[in-house]
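Engineer: Pasting in a structure now, in structure tokens, and then I'll have a few things to ask.
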Amino acid sequence: MKVIGVGNALLDVLLSLKNDSVLQEMGVKKGAMDLIDESTMREIQKAQSGLQRTEAPGGSVCNTMRAMARLGAEVGYIGKIGDDLYGNIYETRVREAGVNSFFVRTRGLSGCSTILVSPDGERTMATFLGPAATLSSEEIPDDVLRAYDCIYMEGYLISNDPLFLPVLKRAKNLGLKIALDLSNFNIVNGFRSLLKDIIPAYVDILFSNESEAEAYTGLPAREAVTAISKEAGISVVTIGKDGVLACNGDLTVHEKALDSHVVDTTGAGDNFAAGFLYGYIRGATLEQSARIGSLLAGNVIEMFGAQIAEERWEQIKLKVNEVLRK
């Protein structure tokens, strides 16, 4: 099976600040996690000169597709970017990761999530969605969707009316399996009624964390995973250091988390989804898929950022093959 992802295409730019006065120059408040407009984004770009920085294509779905590609899956990614340098970097990095990219390009700045790290380690996040939030179903050709067997989408897209439901309907009509990540408990709280209509009608695999599952069902995670499975088929609920619960009909499994040295939990859910979906498209059991997901999540939390280090992938692939053989 081949998987294509649709998500908000945001370049992650990590900046190490020399002092906090730079935050004032950029017009952002220390410790905040805010959406910003284009003018603030331009001020941030002006203030970046001379700062230590790292760049990587981000957005939840993009992280998942890149990790799946590293495992050897045939995957694609659909997003919308600008005609600027950030857009060029994003597209190049995605293709270098082995992901078939289908980008809609438009004039202006690309979406960017800027992570500003103060000398004391505190993070300030400023996200400019830009064209990423304006992608519409009409901009995605049927031929692109038809080339894949499964589509993976993030819950953040539910606020994009011209994209979310129209793409789900088209994917269903084309016979694709549909996987959805709820993304954030605020998304669940804000769109619960709509999700209650969409999930039973369209979704084959639903990913959530503990707080999202509880917000959706009103039940604790161990009961929520079963309740969701009655609507979505396969339900997957990550429960932090306690691992993950997965349910498919009458079968429920609990896979423990790896004993990892936690450095940064960024990207844990994205990489878990990559591992689970990889198992799914390889015809693995529910338990095997959950174990592969936990393997990837356990590796990414031992490093800074949402990507697993290059030198780890060969060992990870060996372990994944061991899991699949059992």
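The chains in the structure tokens are called A, B, ... from first to last as shown; in each chain the residues are counted from 1, and the ligands are counted from 1 in the order shown.
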Give me the residues near Ala67 (chain A) as a list in words, where near means some atom within 7 Å (using only C-alpha atoms) and where sequence neighbours in that chain fewer than 3 positions away do not count.

Structural biologist: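 Near neighbours after the sequence-gap exclusion: Asn63, Thr64, Arg70, Leu71, Asn271 and Ala274 of chain A.
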
Engineer: With N, CA and C atoms retained, export the selected residues as a PDB file, in the first residue's frame.

Structural biologist:
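This is the output file result-v8.pdb:
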```
ATOM      1  N   ASN A  63       6.196  15.421   8.880  1.00  0.00           N
ATOM      2  CA  ASN A  63       7.098  14.637   9.743  1.00  0.00           C
ATOM      3  C   ASN A  63       6.812  13.144   9.613  1.00  0.00           C
ATOM      4  N   THR A  64       5.532  12.791   9.588  1.00  0.00           N
ATOM      5  CA  THR A  64       5.142  11.384   9.483  1.00  0.00           C
ATOM      6  C   THR A  64       5.541  10.787   8.145  1.00  0.00           C
ATOM      7  N   ARG A  70      11.765   6.975   5.240  1.00  0.00           N
ATOM      8  CA  ARG A  70      13.034   6.442   5.733  1.00  0.00           C
ATOM      9  C   ARG A  70      12.949   4.955   6.030  1.00  0.00           C
ATOM     10  N   LEU A  71      11.756   4.476   6.346  1.00  0.00           N
ATOM     11  CA  LEU A  71      11.553   3.049   6.587  1.00  0.00           C
ATOM     12  C   LEU A  71      11.443   2.267   5.281  1.00  0.00           C
ATOM     13  N   ASN A 271       6.078  10.566  14.731  1.00  0.00           N
ATOM     14  CA  ASN A 271       6.900   9.399  14.423  1.00  0.00           C
ATOM     15  C   ASN A 271       6.200   8.103  14.825  1.00  0.00           C
ATOM     16  N   ALA A 274       3.977   7.296  12.035  1.00  0.00           N
ATOM     17  CA  ALA A 274       4.752   6.772  10.908  1.00  0.00           C
ATOM     18  C   ALA A 274       5.013   5.288  11.080  1.00  0.00           C
TER      19      ALA A 274
END
```

Engineer: Counting only C-alpha atoms, what is within 8 Å of Arg282 (chain A), bar same-chain residues fewer than 3 positions away, as a PyMOL selection string?

Structural biologist: chain A and resi 1+278-279

Engineer: DSSP on the backbone: which residues in region 122-290 of chain A end up as strand (DSSP E)? Give the answer as a PDB file with all heavy atoms, in the first residue's frame.

Structural biologist:
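File result_33.pdb, as written:
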```pdb
ATOM      1  N   ARG A 123      11.491  28.420  25.438  1.00  0.00           N
ATOM      2  CA  ARG A 123      11.137  28.504  24.033  1.00  0.00           C
ATOM      3  C   ARG A 123       9.992  29.480  23.793  1.00  0.00           C
ATOM      4  O   ARG A 123       9.028  29.504  24.544  1.00  0.00           O
ATOM      5  CB  ARG A 123      10.716  27.133  23.495  1.00  0.00           C
ATOM      6  CG  ARG A 123      11.819  26.116  23.422  1.00  0.00           C
ATOM      7  CD  ARG A 123      11.287  24.864  22.781  1.00  0.00           C
ATOM      8  NE  ARG A 123      12.303  23.850  22.663  1.00  0.00           N
ATOM      9  CZ  ARG A 123      12.165  22.752  21.930  1.00  0.00           C
ATOM     10  NH1 ARG A 123      11.053  22.539  21.284  1.00  0.00           N
ATOM     11  NH2 ARG A 123      13.138  21.876  21.859  1.00  0.00           N
ATOM     12  N   THR A 124      10.122  30.243  22.731  1.00  0.00           N
ATOM     13  CA  THR A 124       9.043  31.095  22.254  1.00  0.00           C
ATOM     14  C   THR A 124       8.730  30.653  20.834  1.00  0.00           C
ATOM     15  O   THR A 124       9.630  30.555  20.006  1.00  0.00           O
ATOM     16  CB  THR A 124       9.468  32.571  22.262  1.00  0.00           C
ATOM     17  OG1 THR A 124       9.870  32.939  23.591  1.00  0.00           O
ATOM     18  CG2 THR A 124       8.335  33.471  21.802  1.00  0.00           C
ATOM     19  N   MET A 125       7.462  30.359  20.570  1.00  0.00           N
ATOM     20  CA  MET A 125       7.091  29.847  19.251  1.00  0.00           C
ATOM     21  C   MET A 125       6.168  30.823  18.547  1.00  0.00           C
ATOM     22  O   MET A 125       5.163  31.269  19.116  1.00  0.00           O
ATOM     23  CB  MET A 125       6.428  28.476  19.373  1.00  0.00           C
ATOM     24  CG  MET A 125       7.351  27.407  19.914  1.00  0.00           C
ATOM     25  SD  MET A 125       6.569  25.775  19.993  1.00  0.00           S
ATOM     26  CE  MET A 125       6.319  25.446  18.245  1.00  0.00           C
ATOM     27  N   ALA A 126       6.522  31.143  17.321  1.00  0.00           N
ATOM     28  CA  ALA A 126       5.718  32.048  16.505  1.00  0.00           C
ATOM     29  C   ALA A 126       5.440  31.363  15.172  1.00  0.00           C
ATOM     30  O   ALA A 126       6.369  31.071  14.417  1.00  0.00           O
ATOM     31  CB  ALA A 126       6.455  33.358  16.286  1.00  0.00           C
ATOM     32  N   THR A 127       4.178  31.102  14.883  1.00  0.00           N
ATOM     33  CA  THR A 127       3.816  30.348  13.686  1.00  0.00           C
ATOM     34  C   THR A 127       3.045  31.226  12.710  1.00  0.00           C
ATOM     35  O   THR A 127       2.009  31.809  13.050  1.00  0.00           O
ATOM     36  CB  THR A 127       2.959  29.116  14.043  1.00  0.00           C
ATOM     37  OG1 THR A 127       3.719  28.266  14.903  1.00  0.00           O
ATOM     38  CG2 THR A 127       2.577  28.355  12.796  1.00  0.00           C
ATOM     39  N   PHE A 128       3.583  31.308  11.513  1.00  0.00           N
ATOM     40  CA  PHE A 128       2.929  32.004  10.411  1.00  0.00           C
ATOM     41  C   PHE A 128       2.433  30.947   9.432  1.00  0.00           C
ATOM     42  O   PHE A 128       3.220  30.265   8.787  1.00  0.00           O
ATOM     43  CB  PHE A 128       3.924  32.950   9.727  1.00  0.00           C
ATOM     44  CG  PHE A 128       3.425  33.548   8.434  1.00  0.00           C
ATOM     45  CD1 PHE A 128       2.334  34.403   8.428  1.00  0.00           C
ATOM     46  CD2 PHE A 128       4.049  33.250   7.228  1.00  0.00           C
ATOM     47  CE1 PHE A 128       1.869  34.947   7.241  1.00  0.00           C
ATOM     48  CE2 PHE A 128       3.599  33.799   6.040  1.00  0.00           C
ATOM     49  CZ  PHE A 128       2.502  34.648   6.042  1.00  0.00           C
ATOM     50  N   CYS A 150      -3.943   4.939   0.574  1.00  0.00           N
ATOM     51  CA  CYS A 150      -4.337   5.446   1.890  1.00  0.00           C
ATOM     52  C   CYS A 150      -3.967   6.922   1.965  1.00  0.00           C
ATOM     53  O   CYS A 150      -2.919   7.335   1.453  1.00  0.00           O
ATOM     54  CB  CYS A 150      -3.606   4.652   2.982  1.00  0.00           C
ATOM     55  SG  CYS A 150      -3.914   5.232   4.675  1.00  0.00           S
ATOM     56  N   ILE A 151      -4.830   7.712   2.584  1.00  0.00           N
ATOM     57  CA  ILE A 151      -4.554   9.129   2.793  1.00  0.00           C
ATOM     58  C   ILE A 151      -4.499   9.406   4.286  1.00  0.00           C
ATOM     59  O   ILE A 151      -5.293   8.873   5.065  1.00  0.00           O
ATOM     60  CB  ILE A 151      -5.615  10.016   2.100  1.00  0.00           C
ATOM     61  CG1 ILE A 151      -5.213  11.494   2.163  1.00  0.00           C
ATOM     62  CG2 ILE A 151      -7.000   9.793   2.690  1.00  0.00           C
ATOM     63  CD1 ILE A 151      -6.087  12.391   1.280  1.00  0.00           C
ATOM     64  N   TYR A 152      -3.530  10.227   4.694  1.00  0.00           N
ATOM     65  CA  TYR A 152      -3.339  10.564   6.105  1.00  0.00           C
ATOM     66  C   TYR A 152      -3.451  12.077   6.261  1.00  0.00           C
ATOM     67  O   TYR A 152      -2.770  12.834   5.569  1.00  0.00           O
ATOM     68  CB  TYR A 152      -1.967  10.078   6.574  1.00  0.00           C
ATOM     69  CG  TYR A 152      -1.629  10.424   8.011  1.00  0.00           C
ATOM     70  CD1 TYR A 152      -2.413   9.968   9.065  1.00  0.00           C
ATOM     71  CD2 TYR A 152      -0.509  11.199   8.313  1.00  0.00           C
ATOM     72  CE1 TYR A 152      -2.100  10.282  10.377  1.00  0.00           C
ATOM     73  CE2 TYR A 152      -0.177  11.505   9.628  1.00  0.00           C
ATOM     74  CZ  TYR A 152      -0.976  11.047  10.649  1.00  0.00           C
ATOM     75  OH  TYR A 152      -0.662  11.356  11.957  1.00  0.00           O
ATOM     76  N   MET A 153      -4.327  12.517   7.172  1.00  0.00           N
ATOM     77  CA  MET A 153      -4.563  13.947   7.354  1.00  0.00           C
ATOM     78  C   MET A 153      -4.494  14.312   8.833  1.00  0.00           C
ATOM     79  O   MET A 153      -4.703  13.477   9.701  1.00  0.00           O
ATOM     80  CB  MET A 153      -5.930  14.338   6.784  1.00  0.00           C
ATOM     81  CG  MET A 153      -6.061  14.084   5.290  1.00  0.00           C
ATOM     82  SD  MET A 153      -7.699  14.503   4.625  1.00  0.00           S
ATOM     83  CE  MET A 153      -7.690  16.300   4.777  1.00  0.00           C
ATOM     84  N   GLU A 154      -4.201  15.579   9.104  1.00  0.00           N
ATOM     85  CA  GLU A 154      -4.122  16.069  10.480  1.00  0.00           C
ATOM     86  C   GLU A 154      -5.393  16.825  10.850  1.00  0.00           C
ATOM     87  O   GLU A 154      -6.016  17.480  10.007  1.00  0.00           O
ATOM     88  CB  GLU A 154      -2.903  16.968  10.657  1.00  0.00           C
ATOM     89  CG  GLU A 154      -2.865  18.174   9.748  1.00  0.00           C
ATOM     90  CD  GLU A 154      -1.555  18.938   9.860  1.00  0.00           C
ATOM     91  OE1 GLU A 154      -0.586  18.582   9.163  1.00  0.00           O
ATOM     92  OE2 GLU A 154      -1.517  19.909  10.637  1.00  0.00           O
ATOM     93  N   LYS A 177      -8.188   4.176   1.823  1.00  0.00           N
ATOM     94  CA  LYS A 177      -8.327   4.114   3.267  1.00  0.00           C
ATOM     95  C   LYS A 177      -8.003   5.500   3.818  1.00  0.00           C
ATOM     96  O   LYS A 177      -7.146   6.211   3.280  1.00  0.00           O
ATOM     97  CB  LYS A 177      -7.384   3.081   3.867  1.00  0.00           C
ATOM     98  CG  LYS A 177      -7.702   1.643   3.486  1.00  0.00           C
ATOM     99  CD  LYS A 177      -9.005   1.176   4.117  1.00  0.00           C
ATOM    100  CE  LYS A 177      -9.265  -0.295   3.830  1.00  0.00           C
ATOM    101  NZ  LYS A 177     -10.545  -0.757   4.433  1.00  0.00           N
ATOM    102  N   ILE A 178      -8.656   5.878   4.916  1.00  0.00           N
ATOM    103  CA  ILE A 178      -8.460   7.226   5.470  1.00  0.00           C
ATOM    104  C   ILE A 178      -7.980   7.124   6.906  1.00  0.00           C
ATOM    105  O   ILE A 178      -8.612   6.498   7.754  1.00  0.00           O
ATOM    106  CB  ILE A 178      -9.768   8.032   5.404  1.00  0.00           C
ATOM    107  CG1 ILE A 178     -10.184   8.236   3.935  1.00  0.00           C
ATOM    108  CG2 ILE A 178      -9.610   9.373   6.119  1.00  0.00           C
ATOM    109  CD1 ILE A 178     -11.547   8.867   3.761  1.00  0.00           C
ATOM    110  N   ALA A 179      -6.830   7.756   7.160  1.00  0.00           N
ATOM    111  CA  ALA A 179      -6.271   7.836   8.511  1.00  0.00           C
ATOM    112  C   ALA A 179      -6.260   9.303   8.934  1.00  0.00           C
ATOM    113  O   ALA A 179      -5.914  10.185   8.146  1.00  0.00           O
ATOM    114  CB  ALA A 179      -4.857   7.263   8.544  1.00  0.00           C
ATOM    115  N   LEU A 180      -6.649   9.547  10.170  1.00  0.00           N
ATOM    116  CA  LEU A 180      -6.751  10.911  10.682  1.00  0.00           C
ATOM    117  C   LEU A 180      -6.129  10.998  12.061  1.00  0.00           C
ATOM    118  O   LEU A 180      -6.321  10.105  12.893  1.00  0.00           O
ATOM    119  CB  LEU A 180      -8.225  11.333  10.755  1.00  0.00           C
ATOM    120  CG  LEU A 180      -8.539  12.692  11.408  1.00  0.00           C
ATOM    121  CD1 LEU A 180      -8.020  13.838  10.546  1.00  0.00           C
ATOM    122  CD2 LEU A 180     -10.044  12.848  11.643  1.00  0.00           C
ATOM    123  N   ASP A 181      -5.362  12.075  12.299  1.00  0.00           N
ATOM    124  CA  ASP A 181      -4.845  12.365  13.641  1.00  0.00           C
ATOM    125  C   ASP A 181      -5.624  13.553  14.189  1.00  0.00           C
ATOM    126  O   ASP A 181      -5.766  14.576  13.513  1.00  0.00           O
ATOM    127  CB  ASP A 181      -3.347  12.698  13.572  1.00  0.00           C
ATOM    128  CG  ASP A 181      -2.707  12.753  14.942  1.00  0.00           C
ATOM    129  OD1 ASP A 181      -3.189  13.533  15.791  1.00  0.00           O
ATOM    130  OD2 ASP A 181      -1.731  12.035  15.173  1.00  0.00           O
ATOM    131  N   ILE A 205      -8.754   4.726  10.325  1.00  0.00           N
ATOM    132  CA  ILE A 205      -7.765   4.679  11.407  1.00  0.00           C
ATOM    133  C   ILE A 205      -7.741   6.042  12.072  1.00  0.00           C
ATOM    134  O   ILE A 205      -7.522   7.058  11.400  1.00  0.00           O
ATOM    135  CB  ILE A 205      -6.346   4.349  10.892  1.00  0.00           C
ATOM    136  CG1 ILE A 205      -6.333   3.077  10.056  1.00  0.00           C
ATOM    137  CG2 ILE A 205      -5.371   4.231  12.057  1.00  0.00           C
ATOM    138  CD1 ILE A 205      -4.996   2.815   9.371  1.00  0.00           C
ATOM    139  N   LEU A 206      -7.968   6.093  13.381  1.00  0.00           N
ATOM    140  CA  LEU A 206      -7.950   7.368  14.097  1.00  0.00           C
ATOM    141  C   LEU A 206      -6.850   7.359  15.147  1.00  0.00           C
ATOM    142  O   LEU A 206      -6.813   6.501  16.024  1.00  0.00           O
ATOM    143  CB  LEU A 206      -9.292   7.634  14.774  1.00  0.00           C
ATOM    144  CG  LEU A 206      -9.405   9.034  15.397  1.00  0.00           C
ATOM    145  CD1 LEU A 206      -9.549  10.088  14.306  1.00  0.00           C
ATOM    146  CD2 LEU A 206     -10.576   9.124  16.365  1.00  0.00           C
ATOM    147  N   PHE A 207      -5.951   8.335  15.040  1.00  0.00           N
ATOM    148  CA  PHE A 207      -4.885   8.527  16.021  1.00  0.00           C
ATOM    149  C   PHE A 207      -5.266   9.652  16.967  1.00  0.00           C
ATOM    150  O   PHE A 207      -5.783  10.692  16.544  1.00  0.00           O
ATOM    151  CB  PHE A 207      -3.567   8.909  15.329  1.00  0.00           C
ATOM    152  CG  PHE A 207      -2.971   7.825  14.480  1.00  0.00           C
ATOM    153  CD1 PHE A 207      -3.234   7.775  13.122  1.00  0.00           C
ATOM    154  CD2 PHE A 207      -2.133   6.864  15.031  1.00  0.00           C
ATOM    155  CE1 PHE A 207      -2.683   6.788  12.322  1.00  0.00           C
ATOM    156  CE2 PHE A 207      -1.574   5.873  14.254  1.00  0.00           C
ATOM    157  CZ  PHE A 207      -1.843   5.827  12.889  1.00  0.00           C
ATOM    158  N   SER A 208      -4.979   9.455  18.253  1.00  0.00           N
ATOM    159  CA  SER A 208      -5.206  10.511  19.241  1.00  0.00           C
ATOM    160  C   SER A 208      -4.281  10.278  20.422  1.00  0.00           C
ATOM    161  O   SER A 208      -3.755   9.171  20.597  1.00  0.00           O
ATOM    162  CB  SER A 208      -6.665  10.519  19.716  1.00  0.00           C
ATOM    163  OG  SER A 208      -6.999   9.288  20.345  1.00  0.00           O
ATOM    164  N   ASN A 209      -4.072  11.314  21.214  1.00  0.00           N
ATOM    165  CA  ASN A 209      -3.411  11.092  22.495  1.00  0.00           C
ATOM    166  C   ASN A 209      -4.484  11.004  23.576  1.00  0.00           C
ATOM    167  O   ASN A 209      -5.685  11.095  23.287  1.00  0.00           O
ATOM    168  CB  ASN A 209      -2.364  12.171  22.789  1.00  0.00           C
ATOM    169  CG  ASN A 209      -2.965  13.559  22.934  1.00  0.00           C
ATOM    170  OD1 ASN A 209      -4.127  13.730  23.266  1.00  0.00           O
ATOM    171  ND2 ASN A 209      -2.149  14.579  22.683  1.00  0.00           N
ATOM    172  N   ILE A 234     -10.084   1.096  13.353  1.00  0.00           N
ATOM    173  CA  ILE A 234      -8.858   1.010  14.138  1.00  0.00           C
ATOM    174  C   ILE A 234      -8.682   2.299  14.930  1.00  0.00           C
ATOM    175  O   ILE A 234      -8.671   3.394  14.369  1.00  0.00           O
ATOM    176  CB  ILE A 234      -7.622   0.771  13.251  1.00  0.00           C
ATOM    177  CG1 ILE A 234      -7.739  -0.568  12.525  1.00  0.00           C
ATOM    178  CG2 ILE A 234      -6.345   0.805  14.089  1.00  0.00           C
ATOM    179  CD1 ILE A 234      -6.607  -0.853  11.559  1.00  0.00           C
ATOM    180  N   SER A 235      -8.566   2.176  16.239  1.00  0.00           N
ATOM    181  CA  SER A 235      -8.363   3.312  17.134  1.00  0.00           C
ATOM    182  C   SER A 235      -7.012   3.178  17.819  1.00  0.00           C
ATOM    183  O   SER A 235      -6.675   2.110  18.328  1.00  0.00           O
ATOM    184  CB  SER A 235      -9.482   3.354  18.183  1.00  0.00           C
ATOM    185  OG  SER A 235      -9.193   4.278  19.208  1.00  0.00           O
ATOM    186  N   VAL A 236      -6.243   4.262  17.810  1.00  0.00           N
ATOM    187  CA  VAL A 236      -4.925   4.263  18.429  1.00  0.00           C
ATOM    188  C   VAL A 236      -4.837   5.449  19.383  1.00  0.00           C
ATOM    189  O   VAL A 236      -5.030   6.599  18.966  1.00  0.00           O
ATOM    190  CB  VAL A 236      -3.803   4.368  17.374  1.00  0.00           C
ATOM    191  CG1 VAL A 236      -2.432   4.266  18.038  1.00  0.00           C
ATOM    192  CG2 VAL A 236      -3.952   3.298  16.298  1.00  0.00           C
ATOM    193  N   VAL A 237      -4.574   5.180  20.665  1.00  0.00           N
ATOM    194  CA  VAL A 237      -4.492   6.238  21.677  1.00  0.00           C
ATOM    195  C   VAL A 237      -3.140   6.152  22.373  1.00  0.00           C
ATOM    196  O   VAL A 237      -2.853   5.183  23.081  1.00  0.00           O
ATOM    197  CB  VAL A 237      -5.624   6.120  22.718  1.00  0.00           C
ATOM    198  CG1 VAL A 237      -5.506   7.245  23.754  1.00  0.00           C
ATOM    199  CG2 VAL A 237      -6.990   6.153  22.048  1.00  0.00           C
ATOM    200  N   THR A 238      -2.293   7.154  22.164  1.00  0.00           N
ATOM    201  CA  THR A 238      -1.008   7.187  22.858  1.00  0.00           C
ATOM    202  C   THR A 238      -1.223   7.719  24.272  1.00  0.00           C
ATOM    203  O   THR A 238      -1.994   8.656  24.485  1.00  0.00           O
ATOM    204  CB  THR A 238       0.010   8.066  22.113  1.00  0.00           C
ATOM    205  OG1 THR A 238      -0.541   9.381  21.918  1.00  0.00           O
ATOM    206  CG2 THR A 238       0.344   7.468  20.751  1.00  0.00           C
ATOM    207  N   VAL A 244       1.019   2.930  24.514  1.00  0.00           N
ATOM    208  CA  VAL A 244      -0.081   3.162  23.570  1.00  0.00           C
ATOM    209  C   VAL A 244      -1.120   2.056  23.698  1.00  0.00           C
ATOM    210  O   VAL A 244      -0.803   0.904  24.003  1.00  0.00           O
ATOM    211  CB  VAL A 244       0.457   3.222  22.117  1.00  0.00           C
ATOM    212  CG1 VAL A 244       1.124   1.903  21.737  1.00  0.00           C
ATOM    213  CG2 VAL A 244      -0.657   3.551  21.126  1.00  0.00           C
ATOM    214  N   LEU A 245      -2.371   2.436  23.472  1.00  0.00           N
ATOM    215  CA  LEU A 245      -3.478   1.487  23.385  1.00  0.00           C
ATOM    216  C   LEU A 245      -3.965   1.486  21.939  1.00  0.00           C
ATOM    217  O   LEU A 245      -4.102   2.549  21.322  1.00  0.00           O
ATOM    218  CB  LEU A 245      -4.618   1.904  24.304  1.00  0.00           C
ATOM    219  CG  LEU A 245      -4.312   1.948  25.800  1.00  0.00           C
ATOM    220  CD1 LEU A 245      -5.405   2.731  26.533  1.00  0.00           C
ATOM    221  CD2 LEU A 245      -4.183   0.545  26.368  1.00  0.00           C
ATOM    222  N   ALA A 246      -4.220   0.300  21.401  1.00  0.00           N
ATOM    223  CA  ALA A 246      -4.747   0.197  20.042  1.00  0.00           C
ATOM    224  C   ALA A 246      -5.869  -0.826  20.035  1.00  0.00           C
ATOM    225  O   ALA A 246      -5.783  -1.867  20.693  1.00  0.00           O
ATOM    226  CB  ALA A 246      -3.650  -0.205  19.066  1.00  0.00           C
ATOM    227  N   CYS A 247      -6.921  -0.519  19.302  1.00  0.00           N
ATOM    228  CA  CYS A 247      -8.090  -1.393  19.281  1.00  0.00           C
ATOM    229  C   CYS A 247      -8.617  -1.544  17.863  1.00  0.00           C
ATOM    230  O   CYS A 247      -8.689  -0.563  17.105  1.00  0.00           O
ATOM    231  CB  CYS A 247      -9.186  -0.821  20.182  1.00  0.00           C
ATOM    232  SG  CYS A 247     -10.689  -1.837  20.267  1.00  0.00           S
ATOM    233  N   ASN A 248      -8.958  -2.764  17.507  1.00  0.00           N
ATOM    234  CA  ASN A 248      -9.603  -3.064  16.232  1.00  0.00           C
ATOM    235  C   ASN A 248     -10.689  -4.096  16.503  1.00  0.00           C
ATOM    236  O   ASN A 248     -10.411  -5.276  16.684  1.00  0.00           O
ATOM    237  CB  ASN A 248      -8.583  -3.593  15.225  1.00  0.00           C
ATOM    238  CG  ASN A 248      -9.193  -3.796  13.841  1.00  0.00           C
ATOM    239  OD1 ASN A 248     -10.360  -3.462  13.606  1.00  0.00           O
ATOM    240  ND2 ASN A 248      -8.405  -4.310  12.919  1.00  0.00           N
ATOM    241  N   LEU A 251     -10.372  -6.776  19.483  1.00  0.00           N
ATOM    242  CA  LEU A 251      -8.975  -6.896  19.903  1.00  0.00           C
ATOM    243  C   LEU A 251      -8.423  -5.563  20.379  1.00  0.00           C
ATOM    244  O   LEU A 251      -8.453  -4.565  19.653  1.00  0.00           O
ATOM    245  CB  LEU A 251      -8.116  -7.411  18.745  1.00  0.00           C
ATOM    246  CG  LEU A 251      -6.611  -7.484  18.996  1.00  0.00           C
ATOM    247  CD1 LEU A 251      -6.297  -8.490  20.104  1.00  0.00           C
ATOM    248  CD2 LEU A 251      -5.871  -7.835  17.716  1.00  0.00           C
ATOM    249  N   THR A 252      -7.932  -5.539  21.620  1.00  0.00           N
ATOM    250  CA  THR A 252      -7.260  -4.360  22.166  1.00  0.00           C
ATOM    251  C   THR A 252      -5.878  -4.766  22.652  1.00  0.00           C
ATOM    252  O   THR A 252      -5.731  -5.784  23.332  1.00  0.00           O
ATOM    253  CB  THR A 252      -8.056  -3.758  23.341  1.00  0.00           C
ATOM    254  OG1 THR A 252      -9.355  -3.378  22.889  1.00  0.00           O
ATOM    255  CG2 THR A 252      -7.351  -2.520  23.890  1.00  0.00           C
ATOM    256  N   VAL A 253      -4.862  -3.975  22.288  1.00  0.00           N
ATOM    257  CA  VAL A 253      -3.495  -4.262  22.738  1.00  0.00           C
ATOM    258  C   VAL A 253      -2.942  -3.046  23.471  1.00  0.00           C
ATOM    259  O   VAL A 253      -3.337  -1.905  23.209  1.00  0.00           O
ATOM    260  CB  VAL A 253      -2.563  -4.632  21.558  1.00  0.00           C
ATOM    261  CG1 VAL A 253      -3.075  -5.874  20.843  1.00  0.00           C
ATOM    262  CG2 VAL A 253      -2.404  -3.475  20.585  1.00  0.00           C
ATOM    263  N   HIS A 254      -2.044  -3.304  24.397  1.00  0.00           N
ATOM    264  CA  HIS A 254      -1.343  -2.255  25.122  1.00  0.00           C
ATOM    265  C   HIS A 254       0.149  -2.478  24.915  1.00  0.00           C
ATOM    266  O   HIS A 254       0.704  -3.476  25.376  1.00  0.00           O
ATOM    267  CB  HIS A 254      -1.681  -2.297  26.617  1.00  0.00           C
ATOM    268  CG  HIS A 254      -0.906  -1.290  27.427  1.00  0.00           C
ATOM    269  ND1 HIS A 254      -0.693  -1.433  28.786  1.00  0.00           N
ATOM    270  CD2 HIS A 254      -0.284  -0.132  27.070  1.00  0.00           C
ATOM    271  CE1 HIS A 254       0.017  -0.406  29.221  1.00  0.00           C
ATOM    272  NE2 HIS A 254       0.279   0.393  28.194  1.00  0.00           N
ATOM    273  N   GLU A 255       0.786  -1.566  24.198  1.00  0.00           N
ATOM    274  CA  GLU A 255       2.214  -1.653  23.952  1.00  0.00           C
ATOM    275  C   GLU A 255       2.932  -0.641  24.845  1.00  0.00           C
ATOM    276  O   GLU A 255       2.599   0.548  24.854  1.00  0.00           O
ATOM    277  CB  GLU A 255       2.528  -1.344  22.485  1.00  0.00           C
ATOM    278  CG  GLU A 255       3.999  -1.413  22.119  1.00  0.00           C
ATOM    279  CD  GLU A 255       4.576  -2.801  22.234  1.00  0.00           C
ATOM    280  OE1 GLU A 255       3.819  -3.789  22.105  1.00  0.00           O
ATOM    281  OE2 GLU A 255       5.800  -2.902  22.457  1.00  0.00           O
TER     282      GLU A 255
END
```

Engineer: Per residue of region 107-142 of chain A within 12 Å of region 39-60 of chain A, which atom pair is closest and at what distance in Å (one decimal), using only C-alpha atoms, listed by chain and increasing number, as a Markdown table?

Structural biologist:
```
| residue | atom | partner | partner_atom | distance |
| --- | --- | --- | --- | --- |
| A:Gly108 | CA | A:Arg42 | CA | 11.2 |
| A:Leu109 | CA | A:Met41 | CA | 8.8 |
| A:Ser110 | CA | A:Met41 | CA | 10.1 |
| A:Gly111 | CA | A:Met41 | CA | 9.4 |
| A:Cys112 | CA | A:Met41 | CA | 8.3 |
| A:Ser113 | CA | A:Gly58 | CA | 8.0 |
| A:Thr114 | CA | A:Ile44 | CA | 8.5 |
| A:Ile115 | CA | A:Arg53 | CA | 9.7 |
| A:Leu116 | CA | A:Arg53 | CA | 9.5 |
| A:Val117 | CA | A:Arg53 | CA | 10.1 |
| A:Ser118 | CA | A:Leu51 | CA | 11.5 |
| A:Met125 | CA | A:Ile44 | CA | 11.4 |
| A:Ala126 | CA | A:Met41 | CA | 8.3 |
| A:Thr127 | CA | A:Met41 | CA | 8.3 |
| A:Phe128 | CA | A:Met41 | CA | 6.6 |
| A:Leu129 | CA | A:Met41 | CA | 10.0 |
| A:Gly130 | CA | A:Met41 | CA | 9.6 |
| A:Ala132 | CA | A:Gly59 | CA | 9.8 |
| A:Ala133 | CA | A:Gly59 | CA | 11.6 |
```

Engineer: Which residues are near Leu145 (chain A)? Cut-off 9 Å, only C-alpha atoms, ignore same chain within fewer than 4 positions. Put them as a ChimeraX atom specification.

Structural biologist: /A:4,140-141,149-151,170-171,174,176

Engineer: Could you check the closest approach to Arg291 (chain A) for each of A:Asn160, A:Asn321, A:Asn88, A:Gln307 and tell me which residue wins, using only C-alpha atoms?

Structural biologist: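 For Arg291 (chain A), the nearest of the candidates is A:Asn321.
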
Engineer: Taking the DSSP assignment computed from this structure's backbone, write out as an NGL selection string all residues of region 82-128 of chain A that belong to alpha helix (DSSP H).

Structural biologist: :A and (85-96)
